[in-house]
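Okay, model_0.tsv now, which holds TSV, C-alpha atoms and all ligand atoms:
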```
chain	number	residue	atom	x	y	z
A	293	MET	CA	-31.31	80.34	61.23
A	294	GLN	CA	-27.63	79.44	61.26
A	295	GLU	CA	-25.22	82.34	60.94
A	296	VAL	CA	-22.38	81.80	58.45
A	297	ILE	CA	-19.20	83.83	58.15
A	298	CYS	CA	-16.62	83.65	55.41
A	299	ALA	CA	-13.09	84.97	54.91
A	300	LYS	CA	-12.76	87.71	52.31
A	301	VAL	CA	-10.50	90.58	51.38
A	302	ASP	CA	-12.01	94.03	51.57
A	303	PRO	CA	-11.05	96.22	48.58
A	304	ARG	CA	-10.17	98.86	51.17
A	305	LEU	CA	-6.91	96.92	51.61
A	306	LEU	CA	-5.88	98.22	48.18
A	307	THR	CA	-5.82	101.77	49.50
A	308	LYS	CA	-3.39	100.68	52.21
A	309	ALA	CA	-1.26	98.33	50.12
A	310	ASP	CA	1.70	100.74	50.02
A	311	ARG	CA	1.78	100.49	53.80
A	312	LEU	CA	2.53	96.77	53.59
A	313	PHE	CA	6.08	97.99	52.96
A	314	THR	CA	8.47	100.01	55.04
A	315	GLY	CA	8.51	102.72	52.39
A	316	THR	CA	12.29	102.62	52.03
A	317	VAL	CA	14.00	102.70	48.67
A	318	GLU	CA	15.84	99.51	49.71
A	319	GLY	CA	12.53	97.68	49.92
A	320	ARG	CA	11.66	98.75	46.38
A	321	VAL	CA	15.04	97.61	45.05
A	322	ILE	CA	14.52	94.19	46.64
A	323	GLU	CA	11.05	93.73	45.13
A	324	ILE	CA	11.95	94.85	41.62
A	325	LEU	CA	15.14	92.77	41.45
A	326	GLN	CA	13.23	89.79	42.82
A	327	ASN	CA	10.59	90.08	40.10
A	328	ALA	CA	13.25	90.17	37.39
A	329	ARG	CA	14.96	87.11	38.84
A	330	ARG	CA	11.67	85.25	39.13
A	331	ALA	CA	10.97	86.05	35.50
A	332	GLY	CA	14.16	84.13	34.74
A	333	ALA	CA	16.20	87.21	33.83
A	334	THR	CA	19.96	86.75	33.61
A	335	GLU	CA	20.57	90.47	33.29
A	336	VAL	CA	18.97	93.60	34.73
A	337	ARG	CA	19.87	97.10	33.56
A	338	ILE	CA	19.09	100.03	35.79
A	339	ALA	CA	19.35	103.59	34.49
A	340	ASN	CA	18.87	106.82	36.43
A	341	LYS	CA	17.86	109.97	34.58
A	342	ASP	CA	16.11	113.20	35.60
A	343	GLY	CA	14.75	111.68	38.81
A	344	PHE	CA	13.40	108.63	37.00
A	345	VAL	CA	14.56	105.06	37.49
A	346	THR	CA	14.24	102.62	34.58
A	347	VAL	CA	14.69	98.92	35.23
A	348	GLN	CA	14.89	96.60	32.24
A	349	ASP	CA	15.21	92.84	32.55
A	350	ASN	CA	15.67	90.12	29.94
A	351	GLY	CA	13.27	87.67	31.58
A	352	SER	CA	10.21	85.94	30.20
A	353	GLY	CA	8.15	89.13	30.11
A	354	ILE	CA	4.73	89.82	31.57
A	355	GLU	CA	2.18	87.35	30.32
A	356	ASP	CA	-0.88	88.66	32.15
A	357	PHE	CA	-0.82	92.41	32.88
A	358	GLN	CA	-3.78	92.00	35.24
A	359	LYS	CA	-1.48	90.13	37.65
A	360	LEU	CA	0.51	93.34	38.16
A	361	LEU	CA	-2.40	94.85	40.07
A	362	ASP	CA	-3.74	91.69	41.65
A	363	LEU	CA	-3.00	92.08	45.35
A	364	GLY	CA	-2.32	88.58	46.61
A	365	GLY	CA	-2.22	87.01	43.14
A	366	SER	CA	0.85	85.97	41.16
A	367	GLY	CA	1.49	85.03	37.56
A	368	TRP	CA	4.61	82.89	38.08
A	369	ASP	CA	4.82	79.25	37.06
A	370	GLU	CA	4.14	76.20	39.22
A	371	LYS	CA	7.79	75.67	40.16
A	372	MET	CA	8.13	79.23	41.46
A	373	GLU	CA	4.80	78.91	43.23
A	374	THR	CA	5.91	75.85	45.23
A	375	GLY	CA	9.54	76.89	45.64
A	376	GLU	CA	9.21	80.48	46.78
A	377	ASP	CA	5.55	80.92	47.59
A	378	PRO	CA	5.22	84.44	46.14
A	379	ALA	CA	2.77	86.69	47.93
A	380	GLY	CA	1.52	88.82	45.06
A	381	VAL	CA	2.19	92.09	46.84
A	382	GLY	CA	5.71	93.11	45.76
A	383	LEU	CA	4.88	95.57	43.01
A	384	PHE	CA	2.65	97.52	45.40
A	385	SER	CA	5.87	98.71	47.06
A	386	LEU	CA	5.92	101.24	44.18
A	387	ALA	CA	2.46	102.62	45.07
A	388	PRO	CA	1.29	105.37	44.93
A	389	ARG	CA	3.93	106.35	42.35
A	390	GLU	CA	3.10	106.62	38.68
A	391	VAL	CA	4.72	103.58	37.08
A	392	SER	CA	4.96	102.76	33.39
A	393	ILE	CA	5.50	99.16	32.42
A	394	VAL	CA	6.32	97.76	28.98
A	395	SER	CA	6.60	94.10	28.03
A	396	GLY	CA	6.30	92.32	24.72
A	397	ASN	CA	4.13	94.53	22.55
A	398	ARG	CA	2.02	95.91	25.38
A	399	LYS	CA	2.39	98.80	27.80
A	400	THR	CA	0.54	100.41	30.66
A	401	VAL	CA	0.80	103.36	33.03
A	402	ILE	CA	-0.40	102.79	36.57
A	403	ASP	CA	-1.17	106.08	38.28
A	404	LYS	CA	-2.12	106.90	41.88
A	405	ASP	CA	-5.75	105.86	41.42
A	406	GLY	CA	-4.73	102.81	39.40
A	407	TRP	CA	-3.12	101.34	42.51
A	408	THR	CA	-6.38	101.59	44.45
A	409	GLY	CA	-8.77	100.09	41.94
A	410	LYS	CA	-9.43	102.53	39.07
A	411	PRO	CA	-9.25	100.57	35.77
A	412	VAL	CA	-5.93	101.01	34.00
A	413	GLU	CA	-5.64	100.76	30.23
A	414	VAL	CA	-3.19	98.37	28.60
A	415	THR	CA	-2.24	99.53	25.11
A	416	GLN	CA	-0.18	98.35	22.16
A	417	ASN	CA	3.50	99.22	22.21
A	418	LYS	CA	5.14	100.18	18.92
A	419	GLY	CA	8.18	97.96	19.23
A	420	THR	CA	8.59	94.64	21.02
A	421	VAL	CA	10.39	94.45	24.33
A	422	LYS	CA	11.85	91.16	25.44
A	423	GLY	CA	11.50	90.91	29.20
A	424	ALA	CA	10.04	93.90	30.99
A	425	ILE	CA	10.76	97.60	31.49
A	426	VAL	CA	9.54	99.30	34.65
A	427	LYS	CA	9.92	103.08	34.92
A	428	PHE	CA	8.99	105.39	37.80
A	429	ARG	CA	10.17	108.41	39.75
A	430	ASP	CA	11.97	107.73	43.03
A	431	ASP	CA	13.18	109.95	45.89
A	432	LYS	CA	16.77	109.18	45.13
A	433	PRO	CA	18.69	107.50	42.33
A	434	TRP	CA	19.15	103.74	42.41
A	435	ASP	CA	22.93	104.04	42.29
A	436	LEU	CA	25.52	101.29	42.44
A	437	ASP	CA	26.03	101.70	46.18
A	438	LEU	CA	22.37	101.16	46.89
A	439	VAL	CA	21.74	98.35	44.41
A	440	GLU	CA	24.90	96.27	44.73
A	441	LYS	CA	24.14	95.08	48.26
A	442	HIS	CA	20.89	93.54	46.96
A	443	ALA	CA	22.41	92.23	43.74
A	444	VAL	CA	25.66	90.66	44.90
A	445	PHE	CA	24.17	87.31	46.03
A	446	ALA	CA	21.20	87.23	43.62
A	447	GLY	CA	22.99	85.25	40.93
A	448	ILE	CA	22.09	87.66	38.13
A	449	ARG	CA	24.10	90.34	36.30
A	450	VAL	CA	22.93	93.74	37.45
A	451	ILE	CA	24.21	96.81	35.62
A	452	VAL	CA	23.67	100.24	37.12
A	453	ASP	CA	24.23	103.23	34.82
A	454	GLY	CA	26.63	101.13	32.80
A	455	LYS	CA	28.54	99.75	35.79
A	456	LEU	CA	28.39	96.05	36.61
A	457	CYS	CA	27.53	95.15	40.22
A	458	HIS	CA	29.86	92.75	41.94
A	459	SER	CA	28.48	89.22	42.09
A	460	MET	CA	29.58	86.18	44.10
A	461	PRO	CA	28.18	82.94	45.46
A	462	PHE	CA	26.87	83.28	49.02
A	463	CYS	CA	28.76	80.19	50.20
A	464	ARG	CA	32.32	80.31	48.96
A	465	GLY	CA	34.07	77.68	51.02
A	466	LYS	CA	33.08	74.08	51.69
A	467	SER	CA	29.35	73.90	52.20
A	468	ALA	CA	26.99	71.00	52.90
A	469	TYR	CA	23.71	70.54	51.06
A	470	TYR	CA	20.56	69.69	53.03
A	471	GLU	CA	17.61	68.56	50.98
A	472	ASN	CA	15.36	69.28	53.93
A	473	PRO	CA	14.89	72.25	54.37
A	474	GLY	CA	16.61	72.87	51.00
A	475	CYS	CA	19.78	74.87	51.54
A	476	ARG	CA	23.57	74.90	51.62
A	477	ILE	CA	25.30	75.61	54.92
A	478	GLU	CA	28.83	76.86	55.46
A	479	VAL	CA	30.51	77.61	58.76
A	480	ALA	CA	32.91	80.40	57.80
A	481	LYS	CA	35.86	81.91	59.58
A	482	GLU	CA	36.30	84.65	56.98
A	483	ILE	CA	33.47	86.52	55.32
A	484	SER	CA	33.50	89.26	52.70
A	485	ASN	CA	32.49	92.85	53.36
A	486	TYR	CA	29.38	92.14	51.28
A	487	HIS	CA	28.36	89.51	53.83
A	488	ARG	CA	29.33	91.76	56.70
A	489	GLU	CA	26.96	94.46	55.48
A	490	TRP	CA	24.10	92.19	56.45
A	491	SER	CA	25.31	91.46	59.97
A	492	THR	CA	24.19	93.85	62.68
A	493	HIS	CA	27.28	93.00	64.72
A	494	TRP	CA	30.39	93.77	62.74
A	495	TYR	CA	32.71	91.55	64.75
A	496	GLN	CA	30.42	88.90	66.14
A	497	GLY	CA	29.42	85.95	64.06
A	498	ARG	CA	25.81	85.53	63.02
A	499	VAL	CA	23.65	83.16	61.06
A	500	LEU	CA	23.00	84.85	57.70
A	501	VAL	CA	20.35	83.38	55.43
A	502	ASN	CA	20.36	84.23	51.72
A	503	PHE	CA	17.08	84.07	49.80
A	504	HIS	CA	18.33	84.52	46.23
A	505	GLY	CA	19.93	87.86	47.04
A	506	GLN	CA	17.87	89.00	49.99
A	507	VAL	CA	19.76	88.28	53.19
A	508	VAL	CA	18.16	88.02	56.61
A	509	GLN	CA	19.71	87.34	59.98
A	510	LEU	CA	18.56	84.32	61.95
A	511	ASP	CA	18.49	84.99	65.65
A	512	HIS	CA	19.86	81.61	66.63
A	513	TRP	CA	23.31	80.31	67.54
A	514	PRO	CA	23.97	76.60	68.07
A	515	GLY	CA	26.81	76.86	70.61
A	516	LYS	CA	27.91	78.71	73.73
A	517	HIS	CA	30.21	81.24	72.08
A	518	ARG	CA	30.43	82.76	68.63
A	519	GLN	CA	34.07	81.63	68.20
A	520	GLY	CA	34.56	84.36	65.57
A	521	LEU	CA	32.46	82.36	63.11
A	522	THR	CA	29.61	83.20	60.78
A	523	ILE	CA	27.17	80.58	59.58
A	524	LEU	CA	26.04	81.10	56.01
A	525	VAL	CA	22.83	79.52	54.75
A	526	ASP	CA	22.08	79.68	51.04
A	527	ILE	CA	18.45	78.80	50.41
A	528	ALA	CA	17.82	76.50	47.44
A	529	ASP	CA	15.09	76.79	44.80
A	530	GLN	CA	12.82	74.28	46.52
A	531	THR	CA	12.28	74.89	50.22
A	532	ASP	CA	9.61	75.30	52.86
A	533	ILE	CA	11.62	78.04	54.56
A	534	ARG	CA	9.49	81.19	54.38
A	535	LEU	CA	10.04	84.86	55.06
A	536	MET	CA	7.57	86.72	57.20
A	537	LEU	CA	5.30	89.00	55.19
A	538	PRO	CA	5.09	91.67	54.19
A	539	ALA	CA	8.51	93.07	55.07
A	540	ARG	CA	10.36	89.75	54.62
A	541	THR	CA	13.08	90.64	57.10
A	542	MET	CA	12.81	87.53	59.24
A	543	LEU	CA	12.05	83.82	58.95
A	544	VAL	CA	8.66	82.36	59.73
A	545	GLU	CA	8.90	79.75	62.50
A	546	ASN	CA	7.71	76.51	60.97
A	547	ALA	CA	8.78	72.87	60.62
A	548	ALA	CA	11.34	73.85	57.96
A	549	SER	CA	12.95	76.50	60.17
A	550	GLU	CA	13.27	73.87	62.93
A	551	LYS	CA	14.96	71.55	60.43
A	552	LEU	CA	17.26	74.40	59.49
A	553	LYS	CA	18.29	74.92	63.12
A	554	GLU	CA	19.06	71.20	63.42
A	555	ALA	CA	21.18	71.29	60.26
A	556	ILE	CA	23.02	74.39	61.48
A	557	GLU	CA	23.87	72.68	64.77
A	558	LEU	CA	25.23	69.63	62.95
A	559	GLU	CA	27.40	71.75	60.65
A	560	TYR	CA	28.64	73.79	63.59
A	561	TYR	CA	30.00	70.71	65.37
A	562	LYS	CA	31.29	69.17	62.13
A	563	TYR	CA	33.28	72.34	61.63
A	564	PHE	CA	35.10	71.79	64.94
A	565	GLN	CA	35.56	68.11	64.15
A	566	LYS	CA	37.57	69.16	61.09
A	567	GLN	CA	39.82	71.50	63.10
A	568	LYS	CA	43.02	70.22	64.67
A	569	THR	CA	42.06	71.76	68.00
A	570	HIS	CA	39.08	73.48	69.51
A	571	THR	CA	38.11	75.27	72.72
A	572	LEU	CA	34.46	74.24	73.02
A	573	TYR	CA	32.98	73.61	76.45
A	574	TYR	CA	32.66	70.09	77.83
A	575	GLU	CA	28.89	70.50	77.58
A	576	GLU	CA	29.24	71.15	73.86
A	577	TYR	CA	31.60	68.19	73.47
A	578	LEU	CA	28.85	66.03	74.97
A	579	ARG	CA	26.19	67.55	72.75
A	580	ALA	CA	28.31	66.83	69.66
A	581	LYS	CA	28.72	63.25	70.82
A	582	GLN	CA	24.95	62.98	71.22
A	583	LEU	CA	24.63	64.09	67.59
A	584	GLY	CA	27.10	61.41	66.55
A	585	ILE	CA	30.03	63.79	66.08
A	586	GLU	CA	33.21	62.77	67.89
A	587	LEU	CA	35.27	65.81	68.76
A	588	PRO	CA	38.89	65.72	69.85
A	589	GLU	CA	39.54	66.78	73.40
A	590	ALA	CA	39.42	70.54	73.88
A	591	GLU	CA	42.60	72.55	74.07
A	592	PRO	CA	43.02	73.57	77.71
A	593	GLN	CA	42.68	77.29	78.24
A	594	TYR	CA	44.27	79.06	81.17
A	595	LYS	CA	43.08	82.37	82.40
A	596	PRO	CA	45.11	84.07	85.15
A	597	GLY	CA	43.11	85.46	88.06
A	598	LEU	CA	42.04	84.83	91.64
A	599	ILE	CA	39.34	82.38	92.55
A	600	TRP	CA	36.37	84.26	93.98
A	601	GLY	CA	35.53	83.50	97.62
A	602	GLU	CA	37.45	82.57	100.74
A	603	CYS	CA	40.01	80.33	99.18
A	604	ASP	CA	43.08	82.12	97.88
A	605	GLU	CA	45.31	79.02	97.71
A	606	PRO	CA	45.76	77.23	94.38
A	607	VAL	CA	43.17	74.48	94.09
A	608	GLU	CA	43.25	71.21	92.29
A	609	ILE	CA	40.82	70.94	89.39
A	610	VAL	CA	39.26	67.56	88.92
A	611	MET	CA	38.62	66.23	85.45
A	612	PRO	CA	34.92	65.63	84.81
A	613	LYS	CA	33.85	61.99	84.94
A	614	ASP	CA	33.91	60.02	81.65
A	615	PHE	CA	36.08	62.65	79.96
B	701	LIG	N1	9.81	91.75	35.75
B	701	LIG	C1	8.72	91.00	35.56
B	701	LIG	N2	8.68	90.10	34.54
B	701	LIG	C2	7.59	89.33	34.33
B	701	LIG	N3	6.49	89.37	35.11
B	701	LIG	C3	6.47	90.21	36.14
B	701	LIG	C4	7.58	91.06	36.43
B	701	LIG	N4	7.28	91.81	37.53
B	701	LIG	C5	6.04	91.42	37.90
B	701	LIG	N5	5.54	90.48	37.09
B	701	LIG	C6	4.22	89.83	37.16
B	701	LIG	O1	3.43	90.60	38.07
B	701	LIG	C7	2.97	89.78	39.15
B	701	LIG	C8	2.89	90.60	40.43
B	701	LIG	O2	4.19	90.95	40.90
B	701	LIG	P1	4.40	91.22	42.45
B	701	LIG	O3	5.81	91.56	42.68
B	701	LIG	O4	3.38	92.23	42.89
B	701	LIG	O5	4.01	89.85	43.14
B	701	LIG	P2	4.77	88.45	43.14
B	701	LIG	O6	6.16	88.61	42.61
B	701	LIG	O7	3.90	87.47	42.48
B	701	LIG	O8	4.82	88.11	44.69
B	701	LIG	P3	5.68	88.85	45.83
B	701	LIG	O9	4.71	89.55	46.70
B	701	LIG	O10	6.37	87.72	46.52
B	701	LIG	O11	6.60	89.81	45.15
B	701	LIG	C9	3.94	88.64	39.21
B	701	LIG	O12	3.38	87.49	39.82
B	701	LIG	C10	4.26	88.43	37.72
B	701	LIG	O13	3.25	87.67	37.11
B	702	MG	MG	7.34	90.18	43.34
```

Here is a file; write its structure as structure tokens.
Amino acid sequence: MQEVICAKVDPRLLTKADRLFTGTVEGRVIEILQNARRAGATEVRIANKDGFVTVQDNGSGIEDFQKLLDLGGSGWDEKMETGEDPAGVGLFSLAPREVSIVSGNRKTVIDKDGWTGKPVEVTQNKGTVKGAIVKFRDDKPWDLDLVEKHAVFAGIRVIVDGKLCHSMPFCRGKSAYYENPGCRIEVAKEISNYHREWSTHWYQGRVLVNFHGQVVQLDHWPGKHRQGLTILVDIADQTDIRLMLPARTMLVENAASEKLKEAIELEYYKYFQKQKTHTLYYEEYLRAKQLGIELPEAEPQYKPGLIWGECDEPVEIVMPKDF
């Protein structure tokens, strides 16, 4: 008889779902803000009181409460499904906490056992809530300092205990739009402190990729030196760029991420094309040319010092051929 095997998810995974996350409060902030944004909210109000955090958004509300506890399942619309490829795990970052959720005229309280499979009752709410309210106890308050970093580039108004989080577009200067992989790219000389918070190297430029408020660093640089630049990538609504699950702190290597690297390289050389002068290497000048970008000749740079080796007389430097 032929043996047949079949992929399935063991319910035991539910008992470990909280471990899909790093367990940091930052991770919870990211997931909850992301849900509000995906629900189409334009405003999120966060209130801290007596150790409890209450997050209220003015989004579309929760249509199907079952989706809240469906590990791997999502209740977002088609556009969100193709554009962001939600994983259906985010809310489990709150497990095993007791969480009360209200939306429309329904409410529920998910307790420790609720997260691992015990049926949870959904009851009628007295009033009607537009959007959703999520309330739970957390180790520390979700104060402005903690939340703002995750709200500043999300494109929604986030108010923490009555104070409005700063908000700005991720790309602020001239940026180029790339339909494939679906993003804007800006090569920036100056970045804000909000951007800098996401860069592991304070002084050195990096590629920073913004996914609707969540910023990740791309470990890739198109040239030889950083040149004091930062490359900002603002991901559009429709893209095949994906974040690695479950932590979503780095990009998945796929065809779209390759396209992104190509686009970054083009923008990098176009940036130097627009400058009056540059100090790129000859090798880079040739690479730009290969990409169809004519660069002006590099500004000569002189560095005083002795030439290593036997020769201590000044030597003549020959210009490379075809330069
Ligand atoms: N603030 C909200 N407003 C409306 N619906 C919500 C809200 N938060 C959660 N939901 C519903 O609960 C479902 C589960 O949310 P969860 O965060 O666990 O997964 P997801 O957002 O679908 O995927 P991801 O793992 O990428 O976060 C959502 O798909 C959505 O249907
Ligand atoms: Mg989510």

Using only C-alpha atoms, which residues sit within 7 Å of Asp310 of chain A once same-chain residues fewer than 3 positions away are excluded, as a list in words? Phe313, Phe384, Ser385, Ala387 and Pro388 of chain A

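Proximity to Leu312 of chain A at 12 Å, evaluated using all atoms listed in the file and with sequence-adjacent residues fewer than 4 positions away removed, yields Leu305, Leu306, Thr307, Lys308, Thr316, Gly319, Arg320, Leu363, Gly364, Ala379, Gly380, Val381, Gly382, Leu383, Phe384, Ser385, Leu386, Ala387, Met536, Leu537, Pro538, Ala539 and Arg540 of chain A.
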
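Proximity of A:Asp435, A:Asp377, A:Glu355, A:Glu550 to ligand MG 702 (chain B), computed with only C-alpha atoms and all ligand atoms, is greatest for A:Asp377.
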
At most 7 Å from ligand LIG 701 (chain B) (only C-alpha atoms and all ligand atoms): residue list as a PyMOL selection string: chain A and resi 323-324+327-328+331+349+351-357+359-363+365-368+377-384+423-424

Skip segment 468-478 of chain A itself and residues of its chain fewer than 6 positions away, then list as number ranges by chain all residues within 7 Å of it, counting all atoms listed in the file. A: 523-528, 530-533, 548, 551-552

Using the file's own x, y and z axes, what box holds all listed atoms of segment 476-492 of chain A with 5 Å on each side, keeping edges along x, y and z, and what are its centre and edge lengths in Å to one decimal, as lines of an AutoDock Vina configuration file?
```
center_x = 29.9
center_y = 84.7
center_z = 57.0
size_x = 22.7
size_y = 29.6
size_z = 21.4
```

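In this comparison, which uses only C-alpha atoms and all ligand atoms, the residue of A:Glu373, A:Gln294, A:Tyr577, A:Thr346 approaching ligand MG 702 (chain B) most closely is A:Glu373.
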